[in-house]
Amino acid sequence: MCYTSDGEKSNKFVSAANVRTYDLTGLQPDTRYIISVASTVGAGDDKVLSGKETIIVTTEMDTSIPNASFLRLGRLTQQSVTLFWDPPAVSNFDTFELTYSPSFIGSPSSPVTIPKGYTEVEVTELMPGVDYQFVLRTVRGAGPTLEMGTDLTFGVTTRKITLSMCRIPPLSEKYYNCIYWVMLGFCFLCAMVKLD
């Protein structure tokens, strides 16, 4: 038996003489295949093939909506998160949709539409030190024909900003050095503040 799709190399295999049916697996959806079957007698140089029987079939189209995978953190700051994901194996969808919300609120943001060719997004203007839940899904169609893929979720806490004050001699007691620090100890902002 051998089979091939347009422009592809032919796949050949041999089965026992008493096999009457065979399931071809791993075929592509919505693809035309040419399948030929012939019986053989002998082996090697003495092998003789009968006349082949050939059929042409087209596999059914896969109408299921594909899903992205492996949603993960790229970069994290006090007020922004960059997320990455692996795209679906097939492209029969229109866009990605991202929603997110602080865990203490629960209701998600308005959906953010992301073009299907993208595999990362930066979400900005978040609150520092807050747990956020992100949900990414694939989308196909609109209105009454809208279809959505399975939710891919990811939770993360934005970095906290802490304020530490220390008096700097020999300045007057009315001046303090204000320093903002993020959780990992990187200096974010330093400023002199006059206290009245």
# chains A, B, ... in the order shown; residues from 1 in each chain; ligands from 1
>>> select_by_dssp(residues="chain A", states="helix (DSSP H, G or I)", output="ChimeraX atom specification")
/A:44-46,143-145
>>> write_last_selection(atoms="N, CA and C atoms", output="mmCIF file, in the first residue's frame")
data_model
loop_
_atom_site.group_PDB
_atom_site.id
_atom_site.type_symbol
_atom_site.label_atom_id
_atom_site.label_comp_id
_atom_site.auth_asym_id
_atom_site.auth_seq_id
_atom_site.Cartn_x
_atom_site.Cartn_y
_atom_site.Cartn_z
ATOM 1 N N GLY A 44 12.320 -9.344 -2.772
ATOM 2 C CA GLY A 44 13.558 -8.874 -3.390
ATOM 3 C C GLY A 44 13.409 -8.715 -4.893
ATOM 4 N N ASP A 45 14.422 -9.211 -5.640
ATOM 5 C CA ASP A 45 14.399 -9.097 -7.104
ATOM 6 C C ASP A 45 13.319 -9.965 -7.732
ATOM 7 N N ASP A 46 12.840 -10.967 -6.996
ATOM 8 C CA ASP A 46 11.816 -11.876 -7.523
ATOM 9 C C ASP A 46 10.401 -11.389 -7.234
ATOM 10 N N GLY A 143 -20.029 37.701 16.771
ATOM 11 C CA GLY A 143 -21.483 37.690 16.931
ATOM 12 C C GLY A 143 -22.003 36.306 17.268
ATOM 13 N N PRO A 144 -23.080 35.866 16.581
ATOM 14 C CA PRO A 144 -23.681 34.574 16.907
ATOM 15 C C PRO A 144 -22.807 33.374 16.546
ATOM 16 N N THR A 145 -21.789 33.565 15.688
ATOM 17 C CA THR A 145 -20.911 32.447 15.309
ATOM 18 C C THR A 145 -19.591 32.456 16.085
#
>>> residues_around(residues="Tyr118 of chain A", least_positions_apart="2", cutoff="10 Å", atoms="only C-alpha atoms", output="PDB file with C-alpha atoms, in the first residue's frame")
ATOM      1  CA  PHE A  84       4.652  34.763  26.316  1.00  0.00           C
ATOM      2  CA  TRP A  85       2.846  31.699  24.914  1.00  0.00           C
ATOM      3  CA  ASP A  86       3.283  29.003  22.285  1.00  0.00           C
ATOM      4  CA  PRO A  87       0.936  29.384  19.294  1.00  0.00           C
ATOM      5  CA  THR A  95      -7.309  36.296  17.099  1.00  0.00           C
ATOM      6  CA  PHE A  96      -6.225  35.814  20.690  1.00  0.00           C
ATOM      7  CA  ILE A 114      -4.271  40.323  20.050  1.00  0.00           C
ATOM      8  CA  PRO A 115      -3.529  39.473  16.367  1.00  0.00           C
ATOM      9  CA  LYS A 116      -3.033  35.762  15.705  1.00  0.00           C
ATOM     10  CA  GLU A 120       3.703  37.892  23.542  1.00  0.00           C
ATOM     11  CA  VAL A 121       1.963  40.867  25.114  1.00  0.00           C
TER      12      VAL A 121
END
>>> residues_around(residues="Tyr22 of chain A", least_positions_apart="2", cutoff="12 Å", atoms="only C-alpha atoms", output="MDAnalysis selection string")
chainID A and resid 1:2 13:16 18:20 24:25 35 37
>>> closest_residue(among="A:Ile161, A:Val57, A:Leu76, A:Ile65", to="Val123 of chain A", atoms="only C-alpha atoms")
A:Leu76
>>> closest_residue(among="A:Val90, A:Leu146, A:Val81, A:Met127", to="Pro66 of chain A", atoms="only C-alpha atoms")
A:Val90
>>> decode(residues="segment 6-26 of chain A", atoms="C-alpha atoms", output="short mmCIF file (atom, residue, chain, number, x, y, z; two decimals), in the first residue's frame")
data_model
loop_
_atom_site.label_atom_id
_atom_site.label_comp_id
_atom_site.auth_asym_id
_atom_site.auth_seq_id
_atom_site.Cartn_x
_atom_site.Cartn_y
_atom_site.Cartn_z
CA ASP A 6 -0.24 16.63 -3.48
CA GLY A 7 3.43 17.59 -3.51
CA GLU A 8 4.37 15.14 -0.73
CA LYS A 9 6.69 12.14 -0.86
CA SER A 10 4.92 8.79 -1.17
CA ASN A 11 4.54 6.69 1.99
CA LYS A 12 4.76 2.91 1.51
CA PHE A 13 4.15 0.00 3.83
CA VAL A 14 3.47 -3.73 3.61
CA SER A 15 0.78 -5.64 5.51
CA ALA A 16 -0.02 -9.34 5.81
CA ALA A 17 -2.00 -11.03 3.03
CA ASN A 18 -4.99 -11.65 5.29
CA VAL A 19 -5.42 -7.93 6.22
CA ARG A 20 -8.53 -6.52 4.56
CA THR A 21 -8.75 -3.10 6.25
CA TYR A 22 -6.16 -0.61 7.42
CA ASP A 23 -6.47 2.71 9.26
CA LEU A 24 -4.20 5.46 7.98
CA THR A 25 -3.36 7.80 10.84
CA GLY A 26 -1.49 11.08 11.12
#
